[in-house]
Amino acid sequence: MAAVDTADSQLQEKKLAITERLQKREEARLIELQKKKEHEGDTVSRQENVTIFLENLNDQRVFLEHGVAQSNNVTKTQLVDHFDDLSSTLHTLQRYVSECTAFLPSYEVRQAQETISNLQSMIQEKRDELLPKKKFAFSKAKKTNEKKVLPSKQENTTKIDEASAVVELAACKFVNQSGVSLSMDSSEINQNDVALVGLTDCTVKLFGSPSAVHIFKLKNCKIFAGPVSGSIFIRDCTNCVFVLPCQQLRIHNTFDTDFYIHVTSKAIIEDCARVQFAPYNWTYTNLDSDYQLSGLDRGRNNWDKVDDFNFLAADVASPNWSVLPEGKRTVTWN
């Protein structure tokens, strides 16, 4: 009888062990199934976000292409405002693309960047066609008693008003300082406009990804910036060093200045002399993530392709700018 009880007890233990194993296996299966459902849900959500992004991008592309196509029907007095509106819309689209890079596949990011670049070129080409800049030509020798034409009061007032507008509109700014080191971090400048105005003997470091940077009237300064998703505008600067990456770079009235740049379109200079260019080479801790946020294509850098609006000859190098020789470049920055 005892032997029978022992056998029953052993059989019961085996059944319990098998039941426990089956329960654990079922629990594991259910957990794995839940994980799979959550993953599928996340995948569907990401796919929906990508689809919405592509639809929005396409809508804005069509809108801008239509705007460019309608430019010929705009009256000449309204052309400047018309192109400014197109550029503003494109800038908003650039910011939207930058904000969406976190969930976009790398292929879609590259395609979006190419779309932005093509739209930018399209707008600029149409603007140059309908609002051409005056071509410069050598005039005959002037009489020795002819007076030198000085900038008018109105021109000076225009520059002052422009600087005031830049300072007023920028979310982040350094203004009228001398002999100091200044910096801003990503929490301040990411996706915001930055203004640097009236600085002398200053070093400025911008850690992050601004949407645009406006630089006006600097002397003997060193400016370092993280990747800028839009444009950098530089005017009236002397004996400075700029180390910065951006989508578009425009430089006016600047002299004796070195540029270490990463620019995905061609840099443009006007009324400049003795400016030199080299590849961007500043590094800091979060540079990679800032590049991702900006949407700039790191594989595309036109640092040595510069358009000089004061020198239009296609077969002769401009005397106003040059490549900074490798032996004279700063390799590391303290």
# chains A, B, ... in the order shown; residues from 1 in each chain; ligands from 1
>>> residues_around(residues="Gly230 (chain A)", least_positions_apart="2", cutoff="12 Å", atoms="only C-alpha atoms", output="count of residues only")
45
>>> residues_around(residues="region 266-280 of chain A", least_positions_apart="2", cutoff="6 Å", atoms="only C-alpha atoms", output="PyMOL selection string")
chain A and resi 249-262+302-303+305-310+320-324
>>> select_by_dssp(residues="region 225-331 of chain A", states="helix (DSSP H, G or I)", output="PDB file with all heavy atoms, in the first residue's frame")
ATOM      1  N   LEU A 287      28.431  67.468 -31.399  1.00  0.00           N
ATOM      2  CA  LEU A 287      28.414  67.917 -32.792  1.00  0.00           C
ATOM      3  C   LEU A 287      27.607  66.979 -33.685  1.00  0.00           C
ATOM      4  O   LEU A 287      26.832  67.430 -34.538  1.00  0.00           O
ATOM      5  CB  LEU A 287      29.848  68.035 -33.318  1.00  0.00           C
ATOM      6  CG  LEU A 287      30.002  68.502 -34.770  1.00  0.00           C
ATOM      7  CD1 LEU A 287      29.427  69.902 -34.966  1.00  0.00           C
ATOM      8  CD2 LEU A 287      31.462  68.463 -35.197  1.00  0.00           C
ATOM      9  N   ASP A 288      27.761  65.659 -33.512  1.00  0.00           N
ATOM     10  CA  ASP A 288      27.049  64.698 -34.372  1.00  0.00           C
ATOM     11  C   ASP A 288      25.533  64.844 -34.247  1.00  0.00           C
ATOM     12  O   ASP A 288      24.820  64.870 -35.264  1.00  0.00           O
ATOM     13  CB  ASP A 288      27.460  63.260 -34.019  1.00  0.00           C
ATOM     14  CG  ASP A 288      28.899  62.960 -34.408  1.00  0.00           C
ATOM     15  OD1 ASP A 288      29.446  63.694 -35.256  1.00  0.00           O
ATOM     16  OD2 ASP A 288      29.480  62.000 -33.867  1.00  0.00           O
ATOM     17  N   SER A 289      25.037  64.943 -33.017  1.00  0.00           N
ATOM     18  CA  SER A 289      23.589  65.075 -32.830  1.00  0.00           C
ATOM     19  C   SER A 289      23.094  66.423 -33.343  1.00  0.00           C
ATOM     20  O   SER A 289      21.974  66.524 -33.854  1.00  0.00           O
ATOM     21  CB  SER A 289      23.223  64.900 -31.354  1.00  0.00           C
ATOM     22  OG  SER A 289      23.884  65.861 -30.544  1.00  0.00           O
ATOM     23  N   ASP A 290      23.921  67.463 -33.238  1.00  0.00           N
ATOM     24  CA  ASP A 290      23.527  68.769 -33.767  1.00  0.00           C
ATOM     25  C   ASP A 290      23.447  68.739 -35.290  1.00  0.00           C
ATOM     26  O   ASP A 290      22.579  69.384 -35.885  1.00  0.00           O
ATOM     27  CB  ASP A 290      24.510  69.851 -33.305  1.00  0.00           C
ATOM     28  CG  ASP A 290      24.354  70.165 -31.825  1.00  0.00           C
ATOM     29  OD1 ASP A 290      23.289  69.869 -31.267  1.00  0.00           O
ATOM     30  OD2 ASP A 290      25.306  70.703 -31.223  1.00  0.00           O
ATOM     31  N   TYR A 291      24.354  68.005 -35.923  1.00  0.00           N
ATOM     32  CA  TYR A 291      24.282  67.842 -37.377  1.00  0.00           C
ATOM     33  C   TYR A 291      22.973  67.149 -37.761  1.00  0.00           C
ATOM     34  O   TYR A 291      22.313  67.518 -38.741  1.00  0.00           O
ATOM     35  CB  TYR A 291      25.473  67.032 -37.898  1.00  0.00           C
ATOM     36  CG  TYR A 291      26.532  67.874 -38.576  1.00  0.00           C
ATOM     37  CD1 TYR A 291      27.735  68.149 -37.949  1.00  0.00           C
ATOM     38  CD2 TYR A 291      26.322  68.409 -39.846  1.00  0.00           C
ATOM     39  CE1 TYR A 291      28.713  68.924 -38.557  1.00  0.00           C
ATOM     40  CE2 TYR A 291      27.281  69.178 -40.473  1.00  0.00           C
ATOM     41  CZ  TYR A 291      28.485  69.436 -39.823  1.00  0.00           C
ATOM     42  OH  TYR A 291      29.424  70.211 -40.443  1.00  0.00           O
ATOM     43  N   GLN A 292      22.614  66.122 -36.993  1.00  0.00           N
ATOM     44  CA  GLN A 292      21.376  65.400 -37.285  1.00  0.00           C
ATOM     45  C   GLN A 292      20.167  66.319 -37.156  1.00  0.00           C
ATOM     46  O   GLN A 292      19.256  66.300 -37.995  1.00  0.00           O
ATOM     47  CB  GLN A 292      21.232  64.200 -36.359  1.00  0.00           C
ATOM     48  CG  GLN A 292      20.023  63.330 -36.686  1.00  0.00           C
ATOM     49  CD  GLN A 292      19.949  62.088 -35.813  1.00  0.00           C
ATOM     50  OE1 GLN A 292      20.664  61.978 -34.825  1.00  0.00           O
ATOM     51  NE2 GLN A 292      19.082  61.162 -36.164  1.00  0.00           N
ATOM     52  N   LEU A 293      20.164  67.145 -36.117  1.00  0.00           N
ATOM     53  CA  LEU A 293      19.065  68.077 -35.907  1.00  0.00           C
ATOM     54  C   LEU A 293      18.989  69.110 -37.037  1.00  0.00           C
ATOM     55  O   LEU A 293      17.898  69.457 -37.487  1.00  0.00           O
ATOM     56  CB  LEU A 293      19.236  68.787 -34.561  1.00  0.00           C
ATOM     57  CG  LEU A 293      18.197  69.871 -34.228  1.00  0.00           C
ATOM     58  CD1 LEU A 293      16.797  69.262 -34.134  1.00  0.00           C
ATOM     59  CD2 LEU A 293      18.558  70.570 -32.920  1.00  0.00           C
ATOM     60  N   SER A 294      20.134  69.582 -37.488  1.00  0.00           N
ATOM     61  CA  SER A 294      20.157  70.624 -38.521  1.00  0.00           C
ATOM     62  C   SER A 294      19.700  70.100 -39.879  1.00  0.00           C
ATOM     63  O   SER A 294      19.186  70.867 -40.701  1.00  0.00           O
ATOM     64  CB  SER A 294      21.565  71.204 -38.658  1.00  0.00           C
ATOM     65  OG  SER A 294      22.447  70.274 -39.283  1.00  0.00           O
ATOM     66  N   GLU A 326      47.078  75.108 -46.817  1.00  0.00           N
ATOM     67  CA  GLU A 326      47.016  74.128 -45.728  1.00  0.00           C
ATOM     68  C   GLU A 326      48.023  74.434 -44.630  1.00  0.00           C
ATOM     69  O   GLU A 326      47.737  74.272 -43.437  1.00  0.00           O
ATOM     70  CB  GLU A 326      47.243  72.721 -46.284  1.00  0.00           C
ATOM     71  CG  GLU A 326      46.080  72.197 -47.118  1.00  0.00           C
ATOM     72  CD  GLU A 326      46.221  70.720 -47.438  1.00  0.00           C
ATOM     73  OE1 GLU A 326      46.909  70.015 -46.670  1.00  0.00           O
ATOM     74  OE2 GLU A 326      45.663  70.277 -48.451  1.00  0.00           O
ATOM     75  N   GLY A 327      49.220  74.891 -45.015  1.00  0.00           N
ATOM     76  CA  GLY A 327      50.248  75.170 -44.023  1.00  0.00           C
ATOM     77  C   GLY A 327      49.931  76.337 -43.120  1.00  0.00           C
ATOM     78  O   GLY A 327      50.532  76.493 -42.048  1.00  0.00           O
ATOM     79  N   LYS A 328      48.955  77.155 -43.518  1.00  0.00           N
ATOM     80  CA  LYS A 328      48.582  78.335 -42.716  1.00  0.00           C
ATOM     81  C   LYS A 328      47.275  78.146 -41.966  1.00  0.00           C
ATOM     82  O   LYS A 328      46.815  79.053 -41.275  1.00  0.00           O
ATOM     83  CB  LYS A 328      48.490  79.564 -43.613  1.00  0.00           C
ATOM     84  CG  LYS A 328      49.829  79.984 -44.220  1.00  0.00           C
ATOM     85  CD  LYS A 328      49.708  81.276 -45.011  1.00  0.00           C
ATOM     86  CE  LYS A 328      51.049  81.718 -45.571  1.00  0.00           C
ATOM     87  NZ  LYS A 328      50.954  82.992 -46.319  1.00  0.00           N
TER      88      LYS A 328
END
>>> atom_distance(atom1="CA of Cys221 (chain A)", atom2="CA of Thr200 (chain A)")
6.1 Å
>>> residues_around(residues="Trp282 (chain A)", least_positions_apart="2", cutoff="9 Å", atoms="only C-alpha atoms", output="ChimeraX atom specification")
/A:224-226,243-244,260,280,284,331-333
>>> closest_residue(among="A:Val316, A:Ile52, A:Val62, A:Leu57", to="Ala112 (chain A)", atoms="only C-alpha atoms")
A:Leu57
>>> closest_residue(among="A:Phe63, A:Leu206, A:Val68, A:Thr238", to="Glu129 (chain A)", atoms="only C-alpha atoms")
A:Val68
>>> atom_distance(atom1="CA of Phe174 (chain A)", atom2="CA of Leu196 (chain A)")
5.1 Å
>>> atom_distance(atom1="CA of Val109 (chain A)", atom2="CA of Thr285 (chain A)")
22.8 Å
>>> closest_residue(among="A:Asn56, A:Leu130, A:Arg300, A:Thr115", to="Gln70 (chain A)", atoms="only C-alpha atoms")
A:Leu130
>>> closest_residue(among="A:Asn286, A:Gln47, A:Thr101, A:Ser229", to="Asp185 (chain A)", atoms="only C-alpha atoms")
A:Asn286
